[in-house]
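S.K.: Handing you a structure now.
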Amino acid sequence: MTTPRLTPEAVPPPGCPAHTGARRVERLYGAEFAADPMASYDRLRAHGSVAPVEIAPGVHAWLVTGYETALEVLRSPERYSKDPRRWRALADGTVPADSPVVPMMMYRPNALWTDGPEHSRLRGAITDSLGRVDPNALRGYVEHSADTLIDRIGPKGRADLLSEYGAVLPLLVFNQLFGCPPDIGDKLVDGMSGIFDADGDSEKANAVLTEGVADLVALKRREPGPDLSSWLMAHPARLTDEEMMHQLVLLMGAGTEPQQNLICNGLRLLLADDRFAGDLAGGSMPVDDAIDEVLWTDPPLANYAIHYPLRDVEVEGNLLREGTPLLISLAAANTGTGIAGDRRRGNRAHLAWSAGPHTCPAKGPARLIAAAALEKLLDRLPGIELELPVEDLQWRQGPFHRALAALPVRFPPIAPADRLSAGCEGTANPVLPSSTPPASTPTVRVPGSAGMPRRRWWKSLARRTYEP
């Protein structure tokens, strides 16, 4: 392989992917990338299916943009490891521990960052526990939570569907799945939100999240219940407290921020894209088609599925050094030339859920939650429309996600439904299998104050949801 020489002043730190040549190294952060990531992917594709990128200031990696190359990496655990302890630049201090991307890439003893038998043991506990969730009851709880949120925004005639709907609903659902009381839920929400915020204090957020999960594990050791946390704890894998904490962090991370993005990106498409908005005007709701389209073109996690070469490997003339991060651009791989094209409706060959041994084990529940959330909102607010042109919507910065900063809408005001104000009688506990008698469900009281910031409003709603 011939590598062009870099001028001395342009030489990046030793071992960085930019050593492969003097071409521009794309930045997967900042306002320019957030506004138009596809332009970056197009430039990267000009150099083949793998190219060097910078994912944060001074943090270099490789990005896979080709579909077939992505599949090869995802399905080759004998050549590529998921274990971040192999990340040389972090281990030797080249990447500082307080870099904003470290909490999303650091090693945790969970199913995402392990290989081989240990991965199989941890993933088995997660898969078996998720398998005990009753889909019909889960849908019922999602719909009830959605009704609660819609009752709150309905009389106003306008809302930010991100902060007042898409971001809140998954938190309600997952706190219920985990059997999590509101005081611990506050910590989980603040910590998880902070980790995903590109401009937040990620180190502090990580500490808050760790404290909250430790509290939840201690609670479930004392008082197990019919919930996902307790099922994980009782699994034959015999998870330690530390392993429990990290599996819960993994589940919450995968089930809140990405779920929010799937819901909001789907709503954006349904409200603004003529292929879908026209169907809505005609009385049909092509929600499944919209979800398929989002998973192909704007997947909730756009660049992730991080791997590390187990040894130096050459890919299309590029030398990928052992221990250098290799990210899969799920968005770029899905939208490359010749991939799916216009045949996306009903086509599930996208990589939004990853592939290989680390395929998302919760893609069924995730899709169910998103579909129920979209259907309920469109059913209750049939006149809903964006409050500004779709091209004026802003996207949050960060290398990993594809996330709107806000989703402002307007609609003809509606009154809260009387049948919802008294509580949620008849709604089954979603974490109980259908053969198990449902436990009593807590009363939901809709908070009356308007205009709260996202986290304060979430806490207000969560506390009222779980009050006896």
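Residues are named by chain letter and number: chains run A, B, ... in the order of the structure tokens, numbers start at 1 in each chain, and ligands are numbered from 1 in the order shown.
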I'd like a table as JSON lines: residues in region 41-146 of chain A with an atom no more than 9 Å from region 236-259 of chain A, each row giving the shortest atom pair and its distance in Å to one decimal, only C-alpha atoms counted, sorted by chain and rising residue number.
M.R.:
{"residue": "A:Arg108", "atom": "CA", "partner": "A:His246", "partner_atom": "CA", "distance": 6.3}
{"residue": "A:Pro109", "atom": "CA", "partner": "A:Glu243", "partner_atom": "CA", "distance": 6.1}
{"residue": "A:Asn110", "atom": "CA", "partner": "A:Gln247", "partner_atom": "CA", "distance": 5.4}
{"residue": "A:Ala111", "atom": "CA", "partner": "A:Gln247", "partner_atom": "CA", "distance": 7.0}
{"residue": "A:Leu112", "atom": "CA", "partner": "A:Leu250", "partner_atom": "CA", "distance": 7.5}
{"residue": "A:Arg121", "atom": "CA", "partner": "A:Ala237", "partner_atom": "CA", "distance": 6.3}
{"residue": "A:Leu122", "atom": "CA", "partner": "A:Ala237", "partner_atom": "CA", "distance": 7.2}
{"residue": "A:Arg123", "atom": "CA", "partner": "A:Gln247", "partner_atom": "CA", "distance": 9.0}
{"residue": "A:Gly124", "atom": "CA", "partner": "A:Ala237", "partner_atom": "CA", "distance": 7.9}
{"residue": "A:Ala125", "atom": "CA", "partner": "A:Ala237", "partner_atom": "CA", "distance": 6.3}
{"residue": "A:Ile126", "atom": "CA", "partner": "A:Gln247", "partner_atom": "CA", "distance": 7.6}
S.K.: Write the residues of the selection above to a file with N, CA, C and O atoms, as a PDB file, in the first residue's frame.
M.R.:
ATOM      1  N   ARG A 108     -17.563  -1.138  29.625  1.00  0.00           N
ATOM      2  CA  ARG A 108     -18.440  -1.517  30.726  1.00  0.00           C
ATOM      3  C   ARG A 108     -18.656  -3.026  30.580  1.00  0.00           C
ATOM      4  O   ARG A 108     -18.772  -3.522  29.454  1.00  0.00           O
ATOM      5  N   PRO A 109     -18.713  -3.768  31.657  1.00  0.00           N
ATOM      6  CA  PRO A 109     -18.899  -5.223  31.537  1.00  0.00           C
ATOM      7  C   PRO A 109     -20.338  -5.562  31.165  1.00  0.00           C
ATOM      8  O   PRO A 109     -21.097  -6.115  31.963  1.00  0.00           O
ATOM      9  N   ASN A 110     -20.715  -5.197  29.954  1.00  0.00           N
ATOM     10  CA  ASN A 110     -22.068  -5.496  29.496  1.00  0.00           C
ATOM     11  C   ASN A 110     -22.028  -6.230  28.168  1.00  0.00           C
ATOM     12  O   ASN A 110     -20.959  -6.461  27.595  1.00  0.00           O
ATOM     13  N   ALA A 111     -23.196  -6.605  27.684  1.00  0.00           N
ATOM     14  CA  ALA A 111     -23.274  -7.423  26.477  1.00  0.00           C
ATOM     15  C   ALA A 111     -22.784  -6.683  25.234  1.00  0.00           C
ATOM     16  O   ALA A 111     -22.428  -7.319  24.240  1.00  0.00           O
ATOM     17  N   LEU A 112     -22.782  -5.360  25.266  1.00  0.00           N
ATOM     18  CA  LEU A 112     -22.348  -4.592  24.102  1.00  0.00           C
ATOM     19  C   LEU A 112     -20.836  -4.610  23.933  1.00  0.00           C
ATOM     20  O   LEU A 112     -20.327  -4.645  22.820  1.00  0.00           O
ATOM     21  N   ARG A 121     -23.093 -15.106  27.592  1.00  0.00           N
ATOM     22  CA  ARG A 121     -23.719 -15.209  28.916  1.00  0.00           C
ATOM     23  C   ARG A 121     -24.544 -13.967  29.223  1.00  0.00           C
ATOM     24  O   ARG A 121     -25.713 -14.065  29.636  1.00  0.00           O
ATOM     25  N   LEU A 122     -23.962 -12.781  29.010  1.00  0.00           N
ATOM     26  CA  LEU A 122     -24.661 -11.539  29.328  1.00  0.00           C
ATOM     27  C   LEU A 122     -25.822 -11.295  28.373  1.00  0.00           C
ATOM     28  O   LEU A 122     -26.916 -10.886  28.784  1.00  0.00           O
ATOM     29  N   ARG A 123     -25.612 -11.551  27.101  1.00  0.00           N
ATOM     30  CA  ARG A 123     -26.692 -11.347  26.132  1.00  0.00           C
ATOM     31  C   ARG A 123     -27.837 -12.323  26.386  1.00  0.00           C
ATOM     32  O   ARG A 123     -29.010 -11.970  26.243  1.00  0.00           O
ATOM     33  N   GLY A 124     -27.507 -13.552  26.782  1.00  0.00           N
ATOM     34  CA  GLY A 124     -28.546 -14.521  27.078  1.00  0.00           C
ATOM     35  C   GLY A 124     -29.456 -14.054  28.202  1.00  0.00           C
ATOM     36  O   GLY A 124     -30.679 -14.237  28.147  1.00  0.00           O
ATOM     37  N   ALA A 125     -28.870 -13.441  29.237  1.00  0.00           N
ATOM     38  CA  ALA A 125     -29.683 -12.930  30.346  1.00  0.00           C
ATOM     39  C   ALA A 125     -30.619 -11.830  29.862  1.00  0.00           C
ATOM     40  O   ALA A 125     -31.798 -11.776  30.254  1.00  0.00           O
ATOM     41  N   ILE A 126     -30.126 -10.949  29.006  1.00  0.00           N
ATOM     42  CA  ILE A 126     -30.955  -9.862  28.480  1.00  0.00           C
ATOM     43  C   ILE A 126     -32.059 -10.401  27.580  1.00  0.00           C
ATOM     44  O   ILE A 126     -33.236 -10.045  27.718  1.00  0.00           O
TER      45      ILE A 126
END
S.K.: Identify, on the basis of only C-alpha atoms, every residue whose closest approach to Ile150 (chain A) does not exceed 9 Å; exclude the query and any residue fewer than 6 positions from it along the same chain; express the result as a ChimeraX atom specification.
M.R.: /A:164-165,376-377,380-381,416
S.K.: Could you turn the residues from that selection into a file that holds N, CA and C atoms, as a short mmCIF file (atom, residue, chain, number, x, y, z; two decimals), in the first residue's frame?
M.R.:
data_model
loop_
_atom_site.label_atom_id
_atom_site.label_comp_id
_atom_site.auth_asym_id
_atom_site.auth_seq_id
_atom_site.Cartn_x
_atom_site.Cartn_y
_atom_site.Cartn_z
N GLU A 164 -41.98 17.20 24.78
CA GLU A 164 -43.25 16.95 25.47
C GLU A 164 -43.89 15.61 25.12
N TYR A 165 -43.25 14.88 24.21
CA TYR A 165 -43.83 13.59 23.82
C TYR A 165 -42.74 12.54 23.56
N LYS A 376 -50.98 6.45 18.04
CA LYS A 376 -51.84 7.11 19.02
C LYS A 376 -51.85 8.62 18.81
N LEU A 377 -50.69 9.22 18.56
CA LEU A 377 -50.63 10.66 18.38
C LEU A 377 -51.41 11.08 17.14
N ARG A 380 -55.21 10.80 17.77
CA ARG A 380 -55.80 11.78 18.68
C ARG A 380 -55.70 13.21 18.15
N LEU A 381 -54.69 13.48 17.32
CA LEU A 381 -54.48 14.85 16.80
C LEU A 381 -54.47 14.81 15.27
N PRO A 416 -58.99 17.09 27.13
CA PRO A 416 -58.58 15.79 27.67
C PRO A 416 -59.76 14.83 27.69
#
S.K.: Find the distance between CA of Phe178 (chain A) and CA of Leu228 (chain A) and write it in Å to one decimal.
M.R.: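 Between CA of Phe178 (chain A) and CA of Leu228 (chain A) the gap is 5.1 Å.
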S.K.: Quick one: residues within 12 Å of Arg311 (chain A), only C-alpha atoms counted, chain neighbours fewer than 3 positions away excluded, as a JSON list (two decimals) with C-alpha atoms, in the first residue's frame?
M.R.:
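As a result, out17.json now contains:
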[["chain", "number", "residue", "atom", "x", "y", "z"],
["A", 78, "GLU", "CA", -12.58, -13.41, 14.87],
["A", 79, "ARG", "CA", -11.05, -10.25, 13.30],
["A", 80, "TYR", "CA", -12.78, -7.37, 15.10],
["A", 81, "SER", "CA", -13.41, -7.03, 18.84],
["A", 86, "ARG", "CA", -8.29, -2.44, 23.19],
["A", 307, "HIS", "CA", -15.21, -2.37, 16.77],
["A", 308, "TYR", "CA", -11.43, -2.65, 17.21],
["A", 314, "GLU", "CA", -5.82, -3.75, 5.30],
["A", 319, "LEU", "CA", -4.15, 0.08, 6.96],
["A", 320, "LEU", "CA", -6.34, -0.19, 10.04],
["A", 321, "ARG", "CA", -4.08, -0.50, 13.06],
["A", 322, "GLU", "CA", -4.83, -2.85, 15.91],
["A", 323, "GLY", "CA", -6.76, -1.07, 18.66],
["A", 324, "THR", "CA", -8.02, 1.82, 16.51]]
S.K.: List every residue of region 269-331 of chain A that DSSP, applied to the backbone, labels as helix (DSSP H, G or I), and write the result as a list in words.
M.R.: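 Filtering region 269-331 of chain A down to helix (DSSP H, G or I) leaves Leu269, Leu270, Leu271, Ala272, Asp274, Arg275, Phe276, Ala277, Gly278, Asp279, Leu280, Ala281, Val287, Asp288, Asp289, Ala290, Ile291, Asp292, Glu293, Val294, Leu295, Trp296, Thr297, Leu330 and Ala331 of chain A.
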S.K.: Out of A:Leu44, A:Leu301, A:Val73, A:Ala34, which residue has the shortest atom-to-atom distance to Val313 (chain A) when counting only C-alpha atoms?
M.R.: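 The closest residue to Val313 (chain A) is A:Val73.
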